[in-house]
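Data from work28.txt: compact mmCIF, C-alpha atoms
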# COMPACT_ATOMS: atom_id res chain seq x y z
CA MET A 38 190.63 178.29 136.67
CA ARG A 39 189.03 180.65 134.16
CA GLU A 40 190.17 178.28 131.45
CA HIS A 41 187.45 175.77 132.41
CA TYR A 42 184.86 178.38 131.64
CA HIS A 43 186.34 179.17 128.25
CA VAL A 44 186.45 175.49 127.41
CA GLN A 45 182.78 175.23 128.26
CA LEU A 46 181.92 178.13 125.95
CA GLY A 47 183.98 176.55 123.17
CA THR A 48 182.05 173.32 123.58
CA LEU A 49 178.74 175.19 123.33
CA ALA A 50 179.87 176.97 120.19
CA ASP A 51 180.86 173.62 118.63
CA MET A 52 177.48 172.24 119.67
CA CYS A 53 175.81 175.06 117.70
CA ASP A 54 177.81 174.02 114.64
CA GLU A 55 176.67 170.41 115.10
CA ALA A 56 173.06 171.60 115.27
CA ALA A 57 173.60 173.70 112.13
CA THR A 58 175.00 170.69 110.29
CA ALA A 59 172.04 168.58 111.44
CA LEU A 60 169.54 171.09 110.08
CA ASP A 61 171.44 171.46 106.83
CA LYS A 62 171.50 167.67 106.32
CA THR A 63 167.90 167.13 107.30
CA THR A 64 166.70 169.92 105.02
CA ARG A 65 168.47 168.26 102.09
CA ALA A 66 167.00 164.92 103.16
CA LEU A 67 163.55 166.51 103.17
CA LEU A 68 163.84 168.34 99.86
CA ASP A 69 165.59 165.55 97.94
CA SER A 70 163.84 162.63 99.68
CA ASP A 71 167.31 161.42 100.55
CA LEU A 72 166.94 158.49 102.94
CA ARG A 73 170.67 158.20 103.63
CA LEU A 74 170.90 161.81 104.81
CA ALA A 75 167.75 161.38 106.92
CA GLU A 76 169.21 158.28 108.59
CA GLU A 77 172.48 160.10 109.16
CA THR A 78 170.74 163.00 110.92
CA ILE A 79 168.84 160.55 113.09
CA THR A 80 171.96 158.61 114.07
CA ASP A 81 174.08 161.72 114.62
CA ASP A 82 171.62 163.28 117.07
CA ILE A 83 173.13 161.20 119.85
CA LYS A 84 176.35 163.21 119.44
CA ILE A 85 174.54 166.42 120.30
CA ASP A 86 172.80 164.72 123.24
CA ASP A 87 176.18 163.51 124.49
CA ILE A 88 177.72 166.97 124.25
CA ARG A 89 174.79 168.32 126.24
CA ALA A 90 175.23 165.70 128.94
CA GLY A 91 178.92 166.62 129.11
CA VAL A 92 178.18 170.34 129.43
CA GLU A 93 175.71 169.62 132.26
CA GLU A 94 178.16 167.42 134.11
CA GLN A 95 180.94 169.93 133.76
CA ALA A 96 178.63 172.73 134.90
CA PHE A 97 177.70 170.74 137.98
CA ALA A 98 181.34 169.97 138.73
CA LEU A 99 182.34 173.63 138.34
CA LEU A 100 179.52 174.74 140.64
CA ALA A 101 180.37 172.14 143.27
CA LEU A 102 184.15 172.45 143.20
CA GLN A 103 184.86 176.05 142.23
CA ALA A 104 181.82 177.87 143.66
CA PRO A 105 182.08 180.46 140.88
CA VAL A 106 180.68 183.98 141.28
CA ALA A 107 179.99 186.95 138.99
CA THR A 108 180.88 186.36 135.32
CA ASP A 109 182.13 182.82 135.92
CA LEU A 110 178.81 181.90 137.55
CA ARG A 111 176.91 183.52 134.70
CA ILE A 112 178.92 181.46 132.22
CA VAL A 113 177.94 178.24 133.98
CA VAL A 114 174.25 179.14 134.32
CA SER A 115 174.10 180.34 130.69
CA ALA A 116 175.83 177.15 129.56
CA ILE A 117 173.18 175.03 131.30
CA HIS A 118 170.44 176.97 129.51
CA ALA A 119 172.12 177.19 126.13
CA ALA A 120 173.00 173.48 126.09
CA GLY A 121 169.31 172.70 126.63
CA ASP A 122 168.33 174.94 123.73
CA ILE A 123 170.92 173.52 121.37
CA GLU A 124 169.98 169.94 122.26
CA ARG A 125 166.41 170.83 121.36
CA MET A 126 167.59 172.23 118.02
CA GLY A 127 169.10 168.81 117.35
CA ASP A 128 165.84 167.12 118.33
CA LEU A 129 163.90 169.31 115.92
CA ALA A 130 166.30 168.47 113.08
CA LEU A 131 165.71 164.82 114.02
CA HIS A 132 161.93 165.26 113.80
CA ILE A 133 162.32 166.66 110.28
CA ALA A 134 164.52 163.70 109.34
CA ARG A 135 161.92 161.27 110.70
CA ALA A 136 159.22 162.89 108.57
CA ALA A 137 161.45 162.47 105.50
CA ARG A 138 162.10 158.83 106.38
CA ARG A 139 158.43 158.11 107.12
CA ARG A 140 157.28 159.21 103.66
CA HIS A 141 160.27 157.85 101.72
CA PRO A 142 160.46 157.28 98.73
CA GLN A 143 157.58 159.74 98.38
CA PRO A 144 158.50 163.38 98.97
CA VAL A 145 156.93 164.78 102.14
CA LEU A 146 156.14 168.15 100.58
CA PRO A 147 154.37 169.10 97.37
CA ASP A 148 156.79 170.67 94.89
CA ASP A 149 155.27 174.13 94.99
CA ILE A 150 156.02 174.68 98.68
CA THR A 151 159.54 173.22 98.81
CA PRO A 152 161.15 176.66 98.14
CA TYR A 153 159.73 177.93 101.46
CA PHE A 154 161.33 175.05 103.30
CA ALA A 155 164.63 175.49 101.49
CA LYS A 156 164.59 179.08 102.69
CA MET A 157 163.58 178.15 106.26
CA GLY A 158 166.45 175.65 106.27
CA ARG A 159 168.94 178.28 105.13
CA ILE A 160 167.75 180.78 107.74
CA GLY A 161 167.85 178.16 110.51
CA VAL A 162 171.37 177.01 109.61
CA ALA A 163 172.58 180.63 109.46
CA LEU A 164 171.02 181.37 112.87
CA ALA A 165 172.68 178.34 114.46
CA ARG A 166 176.09 179.22 113.00
CA LYS A 167 175.72 182.82 114.09
CA ALA A 168 174.76 181.70 117.61
CA GLY A 169 177.99 179.69 117.69
CA GLU A 170 180.02 182.69 116.49
CA VAL A 171 178.40 184.92 119.08
CA ILE A 172 179.39 182.51 121.85
CA ARG A 173 182.98 182.58 120.55
CA SER A 174 183.22 186.33 119.97
CA ARG A 175 180.89 187.50 122.74
CA ASP A 176 179.91 190.24 120.32
CA LEU A 177 176.86 191.92 121.85
CA ALA A 178 175.71 193.61 118.66
CA ALA A 179 175.85 190.36 116.70
CA ALA A 180 173.98 188.57 119.50
CA ALA A 181 171.20 191.15 119.36
CA GLU A 182 170.97 190.74 115.56
CA LEU A 183 169.71 187.16 115.88
CA GLU A 184 166.38 188.43 117.12
CA THR A 185 165.93 190.46 113.92
CA ASP A 186 167.30 187.66 111.73
CA ASP A 187 164.60 185.42 113.21
CA ASP A 188 161.88 187.77 111.89
CA ALA A 189 162.48 186.31 108.43
CA MET A 190 161.73 182.82 109.80
CA ASP A 191 158.59 184.02 111.55
CA ALA A 192 157.40 185.74 108.38
CA LEU A 193 157.93 182.55 106.36
CA HIS A 194 156.18 180.48 109.03
CA GLN A 195 153.18 182.81 108.98
CA HIS A 196 153.16 182.83 105.21
CA MET A 197 153.07 179.01 105.15
CA PHE A 198 149.73 179.11 106.97
CA THR A 199 148.34 181.53 104.44
CA VAL A 200 149.41 179.16 101.69
CA LEU A 201 148.11 176.03 103.43
CA MET A 202 144.77 177.59 104.30
CA ALA A 203 144.17 179.28 100.95
CA PRO A 204 141.18 178.00 98.99
CA HIS A 205 143.49 177.17 96.07
CA TRP A 206 145.45 174.59 98.12
CA THR A 207 145.13 171.65 95.79
CA HIS A 208 147.06 169.05 97.74
CA SER A 209 145.83 166.60 100.33
CA VAL A 210 144.97 167.35 103.94
CA ALA A 211 147.79 164.94 104.86
CA ALA A 212 150.30 167.10 102.97
CA ALA A 213 149.00 170.19 104.78
CA VAL A 214 149.33 168.45 108.16
CA ASP A 215 152.93 167.42 107.37
CA ALA A 216 153.80 170.91 106.17
CA THR A 217 152.25 172.47 109.28
CA LEU A 218 154.37 170.38 111.62
CA LEU A 219 157.53 170.79 109.58
CA ALA A 220 157.15 174.56 109.44
CA ARG A 221 156.63 174.54 113.19
CA TYR A 222 159.86 172.55 113.69
CA TYR A 223 161.86 175.10 111.67
CA GLU A 224 160.30 178.00 113.52
CA ARG A 225 161.04 176.47 116.93
CA TYR A 226 164.59 175.64 115.86
CA ALA A 227 165.12 179.33 115.10
CA ASP A 228 163.55 180.37 118.42
CA HIS A 229 166.05 178.20 120.28
CA ALA A 230 168.96 179.72 118.34
CA VAL A 231 167.71 183.16 119.40
CA ALA A 232 167.48 181.91 122.98
CA VAL A 233 171.15 180.85 122.81
CA ALA A 234 172.06 184.37 121.73
CA ARG A 235 169.97 185.78 124.59
CA HIS A 236 171.80 183.60 127.11
CA THR A 237 175.04 184.93 125.65
CA ILE A 238 173.83 188.51 126.13
CA TYR A 239 173.02 187.66 129.73
CA LEU A 240 176.45 186.14 130.18
CA ILE A 241 178.15 189.32 128.91
CA THR A 242 175.93 191.96 130.51
CA GLY A 243 174.36 190.23 133.50
CA GLN A 244 170.97 191.33 132.15
CA MET A 245 168.49 189.28 130.18
CA PRO A 246 167.25 191.23 127.14
CA SER A 247 163.54 192.17 127.26
CA PRO A 248 161.26 189.14 127.17
CA LEU A 249 160.69 187.14 124.02
CA ALA A 250 157.16 187.06 122.69
CA SER A 251 155.99 183.63 123.81
CA MET B 86 169.99 177.60 155.19
CA ARG B 87 168.25 174.48 153.89
CA GLU B 88 164.99 176.38 154.21
CA HIS B 89 165.80 178.45 151.11
CA TYR B 90 165.91 175.28 149.08
CA HIS B 91 162.58 174.08 150.38
CA VAL B 92 161.03 177.44 149.61
CA GLN B 93 162.31 177.15 146.07
CA LEU B 94 160.76 173.71 145.65
CA GLY B 95 157.46 175.01 147.07
CA THR B 96 157.49 177.82 144.51
CA LEU B 97 158.08 175.32 141.69
CA ALA B 98 155.20 173.15 142.89
CA ASP B 99 152.91 176.20 142.97
CA MET B 100 154.10 177.09 139.48
CA CYS B 101 152.96 173.63 138.30
CA ASP B 102 149.52 174.36 139.73
CA GLU B 103 149.41 177.68 137.86
CA ALA B 104 150.31 175.88 134.64
CA ALA B 105 147.58 173.29 135.34
CA THR B 106 145.01 176.04 135.87
CA ALA B 107 146.12 177.73 132.65
CA LEU B 108 145.63 174.53 130.65
CA ASP B 109 142.28 173.85 132.26
CA LYS B 110 141.05 177.37 131.44
CA THR B 111 142.38 177.40 127.93
CA THR B 112 140.87 174.00 127.16
CA ARG B 113 137.47 175.27 128.25
CA ALA B 114 138.05 178.43 126.19
CA LEU B 115 138.85 176.23 123.20
CA LEU B 116 135.95 173.82 123.57
CA ASP B 117 133.29 176.40 124.49
CA SER B 118 134.67 179.22 122.29
CA ASP B 119 134.81 181.26 125.47
CA LEU B 120 136.60 184.51 124.70
CA ARG B 121 136.71 185.69 128.31
CA LEU B 122 138.54 182.53 129.43
CA ALA B 123 140.90 182.79 126.48
CA GLU B 124 141.74 186.40 127.37
CA GLU B 125 142.21 185.42 131.00
CA THR B 126 144.70 182.70 130.11
CA ILE B 127 146.61 185.13 127.91
CA THR B 128 146.74 187.83 130.62
CA ASP B 129 147.61 185.38 133.40
CA ASP B 130 150.63 183.94 131.59
CA ILE B 131 152.72 186.85 132.85
CA LYS B 132 152.27 185.45 136.39
CA ILE B 133 153.98 182.22 135.40
CA ASP B 134 156.73 184.16 133.61
CA ASP B 135 157.26 186.24 136.75
CA ILE B 136 157.48 183.18 138.99
CA ARG B 137 160.08 181.76 136.62
CA ALA B 138 162.13 184.94 136.72
CA GLY B 139 161.95 184.82 140.53
CA VAL B 140 163.11 181.19 140.64
CA GLU B 141 166.05 182.02 138.35
CA GLU B 142 167.08 185.01 140.42
CA GLN B 143 166.86 183.06 143.62
CA ALA B 144 168.83 180.18 142.12
CA PHE B 145 171.56 182.57 141.06
CA ALA B 146 171.64 184.18 144.50
CA LEU B 147 171.83 180.78 146.22
CA LEU B 148 174.68 179.68 143.95
CA ALA B 149 176.60 182.91 144.45
CA LEU B 150 176.07 183.33 148.18
CA GLN B 151 175.74 179.82 149.57
CA ALA B 152 177.90 177.80 147.16
CA PRO B 153 175.67 174.76 147.72
CA VAL B 154 176.95 171.22 147.16
CA ALA B 155 175.40 167.74 146.92
CA THR B 156 171.59 167.68 147.32
CA ASP B 157 171.32 171.43 147.81
CA LEU B 158 173.16 172.03 144.55
CA ARG B 159 170.98 169.48 142.78
CA ILE B 160 167.89 171.31 144.04
CA VAL B 161 169.11 174.58 142.55
CA VAL B 162 170.12 173.07 139.20
CA SER B 163 166.86 171.12 138.99
CA ALA B 164 164.89 174.23 139.87
CA ILE B 165 166.54 176.13 137.00
CA HIS B 166 165.54 173.36 134.59
CA ALA B 167 162.06 172.74 135.95
CA ALA B 168 161.19 176.44 136.00
CA GLY B 169 162.06 176.59 132.29
CA ASP B 170 159.82 173.61 131.55
CA ILE B 171 156.89 174.97 133.55
CA GLU B 172 157.20 178.39 131.94
CA ARG B 173 156.97 176.66 128.57
CA MET B 174 153.84 174.81 129.72
CA GLY B 175 152.32 178.23 130.39
CA ASP B 176 153.38 179.43 126.93
CA LEU B 177 151.74 176.42 125.30
CA ALA B 178 148.48 177.07 127.20
CA LEU B 179 148.76 180.64 125.91
CA HIS B 180 149.15 179.44 122.31
CA ILE B 181 145.95 177.41 122.68
CA ALA B 182 144.16 180.47 124.08
CA ARG B 183 145.37 182.57 121.16
CA ALA B 184 143.98 180.03 118.69
CA ALA B 185 140.60 180.19 120.47
CA ARG B 186 140.67 184.00 120.38
CA ARG B 187 141.75 184.14 116.73
CA ARG B 188 138.76 182.12 115.53
CA HIS B 189 136.19 183.54 117.97
CA PRO B 190 133.16 183.49 117.74
CA GLN B 191 133.71 180.49 115.46
CA PRO B 192 134.86 177.32 117.21
CA VAL B 193 138.43 176.36 116.28
CA LEU B 194 137.67 172.64 116.10
CA PRO B 195 134.98 170.69 114.30
CA ASP B 196 132.54 169.12 116.78
CA ASP B 197 133.52 165.54 116.07
CA ILE B 198 137.12 165.97 117.25
CA THR B 199 136.47 168.07 120.37
CA PRO B 200 136.28 164.96 122.62
CA TYR B 201 139.94 164.19 121.84
CA PHE B 202 140.95 167.67 122.92
CA ALA B 203 138.80 167.50 126.06
CA LYS B 204 140.70 164.33 126.92
CA MET B 205 144.12 165.79 126.06
CA GLY B 206 143.23 168.73 128.29
CA ARG B 207 142.33 166.46 131.20
CA ILE B 208 145.50 164.41 130.83
CA GLY B 209 147.66 167.55 130.59
CA VAL B 210 146.09 169.13 133.68
CA ALA B 211 146.49 165.88 135.64
CA LEU B 212 150.15 165.62 134.59
CA ALA B 213 150.89 169.18 135.68
CA ARG B 214 149.18 168.69 139.05
CA LYS B 215 150.99 165.41 139.58
CA ALA B 216 154.31 167.07 138.72
CA GLY B 217 153.56 169.64 141.43
CA GLU B 218 152.72 166.91 143.95
CA VAL B 219 155.88 165.01 143.09
CA ILE B 220 157.97 168.13 143.77
CA ARG B 221 156.22 168.47 147.15
CA SER B 222 156.36 164.80 148.16
CA ARG B 223 159.61 163.84 146.41
CA ASP B 224 157.92 160.51 145.83
CA LEU B 225 160.15 158.66 143.39
CA ALA B 226 157.55 156.10 142.35
CA ALA B 227 154.99 158.81 141.59
CA ALA B 228 157.61 160.77 139.64
CA ALA B 229 158.35 157.72 137.50
CA GLU B 230 154.63 157.25 136.84
CA LEU B 231 154.39 160.48 134.87
CA GLU B 232 156.30 158.89 132.02
CA THR B 233 153.66 156.17 131.74
CA ASP B 234 150.79 158.64 132.24
CA ASP B 235 152.16 160.56 129.28
CA ASP B 236 151.71 157.52 127.02
CA ALA B 237 147.98 158.26 126.97
CA MET B 238 148.72 161.74 125.61
CA ASP B 239 151.10 160.36 122.98
CA ALA B 240 148.51 157.82 121.91
CA LEU B 241 145.84 160.52 121.52
CA HIS B 242 148.28 162.72 119.65
CA GLN B 243 149.08 159.90 117.23
CA HIS B 244 145.42 159.04 116.86
CA MET B 245 144.64 162.67 115.95
CA PHE B 246 146.87 162.35 112.89
CA THR B 247 145.10 159.20 111.81
CA VAL B 248 141.80 161.07 112.08
CA LEU B 249 143.07 164.17 110.29
CA MET B 250 144.67 162.25 107.47
CA ALA B 251 141.84 159.78 106.95
CA PRO B 252 140.10 159.99 103.58
CA HIS B 253 136.79 160.60 105.39
CA TRP B 254 138.01 163.88 106.93
CA THR B 255 135.19 166.11 105.74
CA HIS B 256 136.32 169.40 107.22
CA SER B 257 138.53 172.08 105.73
CA VAL B 258 142.28 171.97 105.40
CA ALA B 259 142.32 175.02 107.69
CA ALA B 260 140.57 173.04 110.43
CA ALA B 261 143.11 170.23 110.01
CA VAL B 262 146.00 172.69 110.27
CA ASP B 263 144.54 174.21 113.45
CA ALA B 264 143.94 170.78 114.97
CA THR B 265 147.49 169.67 114.09
CA LEU B 266 149.06 172.59 115.90
CA LEU B 267 146.72 172.37 118.87
CA ALA B 268 147.37 168.66 119.32
CA ARG B 269 151.08 169.41 119.16
CA TYR B 270 150.75 172.04 121.92
CA TYR B 271 149.01 169.54 124.21
CA GLU B 272 151.59 166.89 123.51
CA ARG B 273 154.49 169.24 124.19
CA TYR B 274 152.81 170.49 127.36
CA ALA B 275 152.73 166.90 128.63
CA ASP B 276 156.37 166.33 127.63
CA HIS B 277 157.41 169.30 129.75
CA ALA B 278 155.42 167.99 132.73
CA VAL B 279 157.30 164.69 132.36
CA ALA B 280 160.57 166.64 132.19
CA VAL B 281 159.69 168.32 135.51
CA ALA B 282 159.20 164.89 137.06
CA ARG B 283 162.55 163.78 135.61
CA HIS B 284 164.32 166.76 137.14
CA THR B 285 162.72 165.79 140.45
CA ILE B 286 164.05 162.25 140.09
CA TYR B 287 167.50 163.69 139.44
CA LEU B 288 167.16 165.90 142.48
CA ILE B 289 166.33 162.91 144.71
CA THR B 290 168.69 160.32 143.29
CA GLY B 291 171.48 162.33 141.66
CA GLN B 292 170.83 160.32 138.47
CA MET B 293 168.87 161.38 135.43
CA PRO B 294 166.48 158.61 134.37
CA SER B 295 167.31 157.04 130.97
CA PRO B 296 166.93 159.49 128.10
CA LEU B 297 163.54 160.60 126.82
CA ALA B 298 162.74 159.67 123.25
CA SER B 299 163.28 162.95 121.45
Go ahead and render the structure in this file as structure tokens.
Amino acid sequence: MREHYHVQLGTLADMCDEAATALDKTTRALLDSDLRLAEETITDDIKIDDIRAGVEEQAFALLALQAPVATDLRIVVSAIHAAGDIERMGDLALHIARAARRRHPQPVLPDDITPYFAKMGRIGVALARKAGEVIRSRDLAAAAELETDDDAMDALHQHMFTVLMAPHWTHSVAAAVDATLLARYYERYADHAVAVARHTIYLITGQMPSPLAS
Amino acid sequence: MREHYHVQLGTLADMCDEAATALDKTTRALLDSDLRLAEETITDDIKIDDIRAGVEEQAFALLALQAPVATDLRIVVSAIHAAGDIERMGDLALHIARAARRRHPQPVLPDDITPYFAKMGRIGVALARKAGEVIRSRDLAAAAELETDDDAMDALHQHMFTVLMAPHWTHSVAAAVDATLLARYYERYADHAVAVARHTIYLITGQMPSPLAS
């Protein structure tokens, strides 16, 4: 019986890898104005949605048929939560891809701010991969690290506003609006990866770590 | 035994009302640069967080002790999802309040775009209240209506971008950045209210309505 629960965790970990791949692709689409990669991210999002639907169905079946308790029950409840977060990570990657497609063949972002987005992309991908590893290893220390890793994303996100609002911003208002939303998508993506790690901590310890700043 | 499940639904409906009140307050704080109302929204968010924690705990206890099946199980699973959505609605109201506080005593928004936000506020509050009613009444037709009601929010959100990106935008880039994020918070708030209605549809019918555009 316990095997079902391990399978479910494996699926979630794979789902994190899919979300990491989506963010990696969409970041390249954004930075290189690559329409093919943008389209690919948009099409592939359905895969992540399907995995989520599968996780939900399996969770429901396990609850109904096995009536799990203790750790097994925590696995199922955490899986329901984590699958929701990872699906949202996919959606956010999709939003970035849509922005790239909407402005194609023009780049969405002015050249001087692309390095920030390259960095946000790298941090986001690393967070998603680490969330997947944490689900596989159930390594508490590594799970707790995601919260600190996310500080780098928050710092970049804050810094973007300083850049956008500075009097020497020489680009259009439209470019600032696009950059604002894109930075927000990356920041939220990272928040959801941290949430996945928090659900994993709950799964292992039975305790939710202290509340996230909302 | 079924009483527990009804209590849980009642709590969720009340939680929707709290989220509606939060959005109403924060919208007034935003439009009137009212620091007291902004502070109140920020302080009160903990109430919504606490209700969510209570719903989660109760859901876990019901799953572990009662091993519900069929409708009862759907109530518990839906409650877990809906509580997450409503908590997020509270967080988004909080973000709006923080923006109002950050710029105080200056208004966050230029006068000419405040009517859009007044309207987004009204639509958001109405959606949250309707989501609460739908949980109480389990009225399928009303639940399905939220999706259509949300179209008005999406249209306003889209229109905001047209306004912000128009060549005759005469305000600062900073004001456009603030307005972009605020409009996004309202739009996401509405999406979560729709999600609550969708979980209610699932609870009643056992079927999730066709996927939301992500």
Give me the residues of chain A that have any atom at most 6 Å from an atom of chain B; for each, the nearest atom pair and the distance in Å, rounded to one decimal. Use only C-alpha atoms, sort by chain and number, and format it as JSON lines.
{"residue": "A:Ala101", "atom": "CA", "partner": "B:Val154", "partner_atom": "CA", "distance": 5.3}
{"residue": "A:Ala104", "atom": "CA", "partner": "B:Ala152", "partner_atom": "CA", "distance": 5.3}
{"residue": "A:Val106", "atom": "CA", "partner": "B:Ala149", "partner_atom": "CA", "distance": 5.3}
{"residue": "A:Asp128", "atom": "CA", "partner": "B:Ser299", "partner_atom": "CA", "distance": 5.8}
{"residue": "A:Met202", "atom": "CA", "partner": "B:Ala259", "partner_atom": "CA", "distance": 4.9}
{"residue": "A:Val210", "atom": "CA", "partner": "B:Val258", "partner_atom": "CA", "distance": 5.5}
{"residue": "A:Ala211", "atom": "CA", "partner": "B:Met250", "partner_atom": "CA", "distance": 4.9}
{"residue": "A:Val214", "atom": "CA", "partner": "B:Val262", "partner_atom": "CA", "distance": 5.8}
{"residue": "A:Ser251", "atom": "CA", "partner": "B:Asp176", "partner_atom": "CA", "distance": 5.8}
Shell of 6 Å around range 205-215 of chain B, all atoms listed in the file, local chain residues under 6 positions omitted, as a ChimeraX atom specification: /B:101-102,105,112,275,278
Between CA of Ile198 in chain B and CA of Met245 in chain B, what is the distance in Å, rounded to a tenth?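 Rounded to one decimal, the two atoms are 8.3 Å apart.
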CA of Ala137 in chain A and CA of Thr63 in chain A, how far apart in Å? 8.2 Å
Taking all atoms listed in the file into account, name the residue in B:Gln143, B:Ser222, B:Thr106, B:Gln243 that is nearest to Ile289 in chain B.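 Going through B:Gln143, B:Ser222, B:Thr106, B:Gln243 one by one, the smallest distance to Ile289 in chain B is for B:Ser222.
Minimum atom-to-atom distances from A:Arg135, A:Arg235, A:His205, A:Arg225 to Ala181 in chain A were compared using all atoms listed in the file, and the lowest value belongs to A:Arg235.
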Of the candidates B:Arg113, B:Arg121, B:His91, B:Arg223, which one gets nearest to Pro200 in chain B if we count only C-alpha atoms? B:Arg113
Have a look at A:Ala178, A:Ala66, A:Ala130, A:Ala168 and name the one nearest to Tyr222 in chain A; count all atoms listed in the file.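 For Tyr222 in chain A, the nearest of the candidates is A:Ala130.
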What is the CA of Tyr201 in chain B-CA of Leu122 in chain B distance in Å, reported with one decimal?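 Going from CA of Tyr201 in chain B over to CA of Leu122 in chain B, I get 19.9 Å.
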Just give me the residues with any atom within 7 Å of (142.7, 187.9, 123.7), file coordinates, counting only C-alpha atoms, written as a ChimeraX atom specification. /B:123-124,127,183,186
Report as a list in words all protein, DNA and RNA residues lying within 9 Å of Asp224 in chain B, evaluated on all atoms listed in the file, omitting residues in the same chain fewer than 6 positions from it.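 My list of contacting residues is Glu218, Thr285, Ile286 and Ile289 of chain B.
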Which one is closest to Asp197 in chain B: B:Ala138, B:Ala167, B:Leu116, B:Thr156? Count all atoms listed in the file. B:Leu116
Adding 5 Å on each side of the box along x, y and z that holds all listed atoms of range 194-199 of chain B, could you give its centre and edge lengths in Å to one decimal, as lines of an AutoDock Vina configuration file?
center_x = 135.1
center_y = 169.1
center_z = 117.3
size_x = 15.1
size_y = 17.1
size_z = 16.1
Please extract range 162-176 of chain A and write it out with N, CA and C atoms, as a PDB file, in the first residue's frame.
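Wrote decode34.pdb, looks like this:
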ATOM      1  N   VAL A 162      14.507  28.455 -11.966  1.00  0.00           N
ATOM      2  CA  VAL A 162      14.744  27.078 -12.416  1.00  0.00           C
ATOM      3  C   VAL A 162      15.419  26.280 -11.308  1.00  0.00           C
ATOM      4  N   ALA A 163      16.422  26.889 -10.659  1.00  0.00           N
ATOM      5  CA  ALA A 163      17.144  26.189  -9.584  1.00  0.00           C
ATOM      6  C   ALA A 163      16.194  25.867  -8.423  1.00  0.00           C
ATOM      7  N   LEU A 164      15.305  26.803  -8.101  1.00  0.00           N
ATOM      8  CA  LEU A 164      14.353  26.567  -7.005  1.00  0.00           C
ATOM      9  C   LEU A 164      13.420  25.406  -7.344  1.00  0.00           C
ATOM     10  N   ALA A 165      12.938  25.376  -8.581  1.00  0.00           N
ATOM     11  CA  ALA A 165      12.013  24.303  -8.972  1.00  0.00           C
ATOM     12  C   ALA A 165      12.726  22.954  -8.934  1.00  0.00           C
ATOM     13  N   ARG A 166      13.965  22.914  -9.437  1.00  0.00           N
ATOM     14  CA  ARG A 166      14.694  21.635  -9.426  1.00  0.00           C
ATOM     15  C   ARG A 166      14.966  21.188  -7.990  1.00  0.00           C
ATOM     16  N   LYS A 167      15.329  22.144  -7.162  1.00  0.00           N
ATOM     17  CA  LYS A 167      15.610  21.813  -5.765  1.00  0.00           C
ATOM     18  C   LYS A 167      14.339  21.335  -5.057  1.00  0.00           C
ATOM     19  N   ALA A 168      13.204  21.937  -5.382  1.00  0.00           N
ATOM     20  CA  ALA A 168      11.935  21.486  -4.783  1.00  0.00           C
ATOM     21  C   ALA A 168      11.688  20.035  -5.169  1.00  0.00           C
ATOM     22  N   GLY A 169      11.976  19.698  -6.427  1.00  0.00           N
ATOM     23  CA  GLY A 169      11.821  18.305  -6.874  1.00  0.00           C
ATOM     24  C   GLY A 169      12.747  17.367  -6.118  1.00  0.00           C
ATOM     25  N   GLU A 170      14.008  17.797  -5.940  1.00  0.00           N
ATOM     26  CA  GLU A 170      14.981  16.960  -5.214  1.00  0.00           C
ATOM     27  C   GLU A 170      14.550  16.740  -3.767  1.00  0.00           C
ATOM     28  N   VAL A 171      14.027  17.810  -3.178  1.00  0.00           N
ATOM     29  CA  VAL A 171      13.603  17.748  -1.782  1.00  0.00           C
ATOM     30  C   VAL A 171      12.444  16.754  -1.618  1.00  0.00           C
ATOM     31  N   ILE A 172      11.553  16.733  -2.596  1.00  0.00           N
ATOM     32  CA  ILE A 172      10.452  15.762  -2.537  1.00  0.00           C
ATOM     33  C   ILE A 172      11.015  14.346  -2.609  1.00  0.00           C
ATOM     34  N   ARG A 173      12.042  14.170  -3.468  1.00  0.00           N
ATOM     35  CA  ARG A 173      12.636  12.820  -3.613  1.00  0.00           C
ATOM     36  C   ARG A 173      13.421  12.411  -2.372  1.00  0.00           C
ATOM     37  N   SER A 174      14.227  13.338  -1.858  1.00  0.00           N
ATOM     38  CA  SER A 174      15.143  12.987  -0.766  1.00  0.00           C
ATOM     39  C   SER A 174      14.490  13.134   0.603  1.00  0.00           C
ATOM     40  N   ARG A 175      13.432  13.935   0.672  1.00  0.00           N
ATOM     41  CA  ARG A 175      12.840  14.326   1.960  1.00  0.00           C
ATOM     42  C   ARG A 175      13.926  14.813   2.930  1.00  0.00           C
ATOM     43  N   ASP A 176      14.798  15.645   2.395  1.00  0.00           N
ATOM     44  CA  ASP A 176      15.892  16.206   3.172  1.00  0.00           C
ATOM     45  C   ASP A 176      15.406  17.526   3.770  1.00  0.00           C
TER      46      ASP A 176
END
